[in-house]
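Participant: Provided herewith: run-v4.csv, CSV, C-alpha atoms.
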```
chain,number,residue,atom,x,y,z
A,11,MET,CA,-49.6,-60.4,-9.3
A,12,LYS,CA,-47.1,-63.2,-8.5
A,13,ILE,CA,-44.2,-61.1,-9.8
A,14,LEU,CA,-45.2,-58.1,-7.7
A,15,LEU,CA,-45.4,-60.3,-4.5
A,16,ARG,CA,-42.0,-61.8,-5.3
A,17,ILE,CA,-40.5,-58.3,-5.7
A,18,LEU,CA,-42.0,-57.2,-2.4
A,19,ALA,CA,-40.8,-60.3,-0.7
A,20,ILE,CA,-37.2,-59.8,-2.0
A,21,LEU,CA,-37.4,-56.1,-1.0
A,22,ALA,CA,-38.5,-57.0,2.5
A,23,LEU,CA,-35.7,-59.5,2.8
A,24,VAL,CA,-33.1,-56.9,1.7
A,25,VAL,CA,-34.5,-54.3,4.1
A,26,THR,CA,-34.4,-56.9,7.0
A,27,ILE,CA,-30.8,-57.9,6.2
A,28,ALA,CA,-29.7,-54.3,6.0
A,29,GLY,CA,-31.4,-53.5,9.3
A,30,ALA,CA,-29.8,-56.5,11.0
A,31,GLY,CA,-26.4,-55.3,9.6
A,32,VAL,CA,-26.9,-51.8,11.0
A,33,VAL,CA,-27.8,-53.2,14.4
A,34,LEU,CA,-24.8,-55.6,14.5
A,35,TYR,CA,-22.5,-52.7,13.4
A,36,ALA,CA,-23.9,-50.5,16.2
A,37,LEU,CA,-23.4,-53.3,18.8
A,38,GLU,CA,-19.9,-54.0,17.6
A,39,THR,CA,-18.8,-50.3,17.8
A,40,ARG,CA,-20.5,-49.4,21.0
A,41,ILE,CA,-17.2,-49.5,22.9
A,42,PRO,CA,-15.2,-46.3,22.2
A,43,GLY,CA,-11.7,-46.1,21.1
A,44,VAL,CA,-9.6,-44.6,23.9
A,45,GLU,CA,-6.1,-43.3,23.6
A,46,VAL,CA,-3.9,-41.8,26.3
A,47,VAL,CA,-2.7,-38.4,24.9
A,48,TYR,CA,-1.0,-37.1,27.9
A,49,ALA,CA,-0.1,-38.7,31.3
A,50,MET,CA,2.5,-36.9,33.5
A,51,HIS,CA,3.1,-36.5,37.2
A,52,GLU,CA,4.3,-33.2,38.6
A,53,SER,CA,5.3,-32.1,42.1
A,54,ALA,CA,3.0,-29.8,43.9
A,55,ASN,CA,6.0,-27.5,44.4
A,56,ASP,CA,6.2,-27.1,40.6
A,57,ASP,CA,2.5,-26.2,40.3
A,58,SER,CA,2.0,-24.2,43.4
A,59,GLU,CA,-0.9,-22.2,41.9
A,60,ALA,CA,-3.0,-25.3,41.4
A,61,TYR,CA,-2.1,-26.6,44.9
A,62,ASP,CA,-3.1,-23.3,46.5
A,63,ALA,CA,-6.4,-23.2,44.5
A,64,PHE,CA,-7.3,-26.8,45.6
A,65,VAL,CA,-6.4,-26.2,49.2
A,66,THR,CA,-8.5,-23.0,49.3
A,67,ALA,CA,-11.5,-24.6,47.6
A,68,VAL,CA,-11.4,-27.7,49.9
A,69,SER,CA,-11.1,-25.5,53.1
A,70,ASP,CA,-13.9,-23.2,51.9
A,71,GLY,CA,-16.1,-26.2,51.0
A,72,THR,CA,-16.5,-25.0,47.4
A,73,TYR,CA,-14.4,-27.8,45.8
A,74,GLY,CA,-16.5,-29.4,43.0
A,75,GLY,CA,-14.4,-32.6,42.5
A,76,ARG,CA,-14.2,-35.8,44.4
A,77,VAL,CA,-12.4,-35.5,47.8
A,78,PHE,CA,-10.8,-38.7,49.0
A,79,ASP,CA,-9.0,-37.3,52.1
A,80,GLU,CA,-10.0,-34.1,53.8
A,81,ALA,CA,-6.6,-33.6,55.4
A,82,VAL,CA,-4.5,-32.1,52.6
A,83,PRO,CA,-0.8,-32.5,53.5
A,84,GLU,CA,1.9,-29.8,52.9
A,85,ARG,CA,2.8,-28.9,49.4
A,86,GLU,CA,6.1,-30.8,49.5
A,87,SER,CA,4.3,-34.0,50.2
A,88,CYS,CA,2.0,-33.9,47.2
A,89,THR,CA,2.1,-34.9,43.6
A,90,PHE,CA,-0.3,-34.1,40.8
A,91,LEU,CA,-1.2,-36.8,38.3
A,92,LYS,CA,-2.4,-35.2,35.1
A,93,CYS,CA,-4.0,-37.1,32.3
A,94,THR,CA,-5.8,-36.4,29.0
A,95,LEU,CA,-7.6,-39.1,27.1
A,96,ARG,CA,-8.8,-38.9,23.5
A,97,MET,CA,-12.1,-40.8,23.0
A,98,GLN,CA,-13.3,-41.8,19.6
A,99,ASN,CA,-17.0,-42.6,19.0
A,100,ARG,CA,-16.9,-45.2,16.2
A,101,CYS,CA,-20.7,-45.9,16.6
A,102,LEU,CA,-23.5,-44.6,14.5
A,103,LEU,CA,-25.3,-43.3,17.7
A,104,PRO,CA,-24.2,-40.4,19.9
A,105,MET,CA,-22.5,-41.1,23.2
A,106,GLU,CA,-23.9,-38.8,25.9
A,107,TRP,CA,-23.0,-37.7,29.5
A,108,ILE,CA,-19.4,-38.9,29.1
A,109,GLU,CA,-17.2,-38.6,32.2
A,110,ILE,CA,-13.9,-40.1,33.3
A,111,ALA,CA,-12.8,-40.9,36.9
A,112,VAL,CA,-9.7,-42.5,38.4
A,113,GLU,CA,-10.1,-45.5,40.6
A,114,PRO,CA,-9.0,-44.2,43.9
A,115,GLY,CA,-5.9,-45.6,45.5
A,116,GLU,CA,-4.0,-45.4,48.7
A,117,GLY,CA,-2.7,-41.9,49.3
A,118,ASP,CA,-5.1,-40.1,46.9
A,119,ILE,CA,-6.3,-36.7,48.2
A,120,LEU,CA,-8.6,-35.3,45.5
A,121,GLU,CA,-9.7,-35.6,41.9
A,122,SER,CA,-10.4,-32.7,39.6
A,123,ARG,CA,-12.2,-33.2,36.3
A,124,ASP,CA,-14.4,-31.4,33.9
A,125,GLU,CA,-17.9,-31.7,35.3
A,126,ASN,CA,-19.7,-30.4,32.2
A,127,PRO,CA,-21.7,-33.0,30.3
A,128,HIS,CA,-19.8,-34.2,27.2
A,129,VAL,CA,-21.4,-35.6,24.1
A,130,LEU,CA,-19.7,-37.3,21.2
A,131,THR,CA,-21.8,-37.4,18.0
A,132,ALA,CA,-21.4,-40.4,15.7
A,133,ARG,CA,-17.9,-40.8,14.1
A,134,THR,CA,-16.2,-38.0,16.1
A,135,SER,CA,-13.5,-37.8,18.8
A,136,GLY,CA,-12.9,-35.5,21.8
A,137,ASP,CA,-10.5,-35.0,24.7
A,138,LEU,CA,-11.2,-35.4,28.4
A,139,SER,CA,-8.9,-34.3,31.1
A,140,LEU,CA,-8.4,-35.5,34.7
A,141,GLN,CA,-6.1,-34.3,37.5
A,142,VAL,CA,-5.5,-36.2,40.8
A,143,MET,CA,-3.6,-34.9,43.8
A,144,THR,CA,-1.9,-37.7,45.7
A,145,ARG,CA,0.7,-38.1,48.4
A,146,ALA,CA,4.2,-38.2,46.9
A,147,ASP,CA,5.2,-41.2,48.9
A,148,ALA,CA,2.2,-43.2,47.6
A,149,PHE,CA,2.7,-42.2,44.0
A,150,PRO,CA,1.5,-45.0,41.7
A,151,GLN,CA,3.0,-45.7,38.3
A,152,GLU,CA,-0.1,-47.2,36.8
A,153,ARG,CA,-3.8,-46.6,37.4
A,154,THR,CA,-7.1,-47.5,35.9
A,155,VAL,CA,-9.3,-44.7,34.6
A,156,SER,CA,-12.9,-45.6,34.1
A,157,ILE,CA,-15.1,-44.0,31.4
A,158,THR,CA,-18.9,-43.8,31.8
A,159,TYR,CA,-21.2,-42.8,29.0
A,160,TYR,CA,-24.7,-43.3,27.9
A,161,LEU,CA,-25.8,-44.9,24.6
A,162,LEU,CA,-29.5,-44.7,23.8
A,163,GLY,CA,-30.1,-43.9,27.5
A,164,ARG,CA,-28.3,-47.0,28.8
A,165,PRO,CA,-25.2,-46.6,30.9
A,166,MET,CA,-22.0,-48.1,29.5
A,167,LYS,CA,-18.5,-48.4,30.9
A,168,ALA,CA,-15.0,-48.7,29.6
A,169,ALA,CA,-11.7,-48.7,31.3
A,170,VAL,CA,-8.1,-47.8,30.3
A,171,ARG,CA,-4.8,-48.4,32.1
A,172,VAL,CA,-2.8,-45.2,32.4
A,173,ILE,CA,0.9,-45.2,33.1
A,174,TRP,CA,2.3,-41.9,34.5
A,175,ASN,CA,5.8,-41.0,33.5
```
Would you mind writing the structure in this file as structure tokens?
Facilitator:
Amino acid sequence: MKILLRILAILALVVTIAGAGVVLYALETRIPGVEVVYAMHESANDDSEAYDAFVTAVSDGTYGGRVFDEAVPERESCTFLKCTLRMQNRCLLPMEWIEIAVEPGEGDILESRDENPHVLTARTSGDLSLQVMTRADAFPQERTVSITYYLLGRPMKAAVRVIWN
């Protein structure tokens, strides 16, 4: 009987240590790996279709993104900041309701991003895109893009600095 109890005690100890290791690993990898895949700026003159679509949607009240300034200037005065981030879930748990947003700066007019809920299952990666229309005279070289996601129902945040070329 003593041998059986010792085996059970050792087994319980091994299971406890393994469980603690899994929890520590999950806590350590809860922050995603984020890589800037694409970050370019483009004059609104070069992408007139996107400019016209944004202006029409804002004037009709059907624009689904964030509007920072209702007064949209002329096409020549605007610049688009386009960015794609690759996010890698290194955790054993799925990351849900992932969204990215730029921290607004002076001269920002509007932000367009994919509003669909994104989910990254364990050990996968995916791309998220963002587009900001800003005034050409207030064009920033560097911005912070914040990433919000849920892990086990708890909101988490990460941030990445993006430099537009």
Participant: Compile the contact shell of stretch 130-147 of chain A as an MDAnalysis selection string: residues with an atom at most 8 Å away, counting only C-alpha atoms, same-chain residues fewer than 5 positions apart removed.
Facilitator: chainID A and resid 53 83 87:106 109:112 117:124
Participant: Please determine, counting all atoms listed in the file, which residue among A:Ala22, A:Asn55, A:Thr66, A:Trp107 has the shortest atom-to-atom distance to A:Arg164.
Facilitator: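 Once distances to A:Arg164 are computed over all atoms listed in the file, the minimum belongs to A:Trp107.
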Participant: When distances are computed from all atoms listed in the file, which of A:Met166, A:Val129, A:Met50, A:Ala36 shows the smallest separation from A:Pro150?
Facilitator: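 Closest to A:Pro150 of all the choices is A:Met50.
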Participant: To one decimal place, how far is atom CA of A:Ala54 from atom CA of A:Gly115 in Å?
Facilitator: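 So the two atoms, atom CA of A:Ala54 and atom CA of A:Gly115, lie 18.2 Å apart.
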Participant: Measuring between all atoms listed in the file, which one of A:Ala49, A:Val44, A:Ala148, A:Val65 shows the shortest distance to A:Ala168?
Facilitator: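 Comparing A:Ala49, A:Val44, A:Ala148, A:Val65 against A:Ala168, the winner is A:Val44.
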Participant: Which value, in Å to one decimal, gives the distance between atom CA of A:Glu152 and atom CA of A:Val77?
Facilitator: 20.2 Å
Participant: State, in Å with one decimal place, the distance from atom CA of A:Asn175 to atom CA of A:Tyr48.
Facilitator: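 These two atoms are separated by 9.6 Å.
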Participant: Using all atoms listed in the file for the distances, tell me which of A:Glu45, A:Ile27, A:Leu18, A:Gly71 is nearest to A:Ile173.
Facilitator: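 Selected residue with least distance to A:Ile173: A:Glu45.
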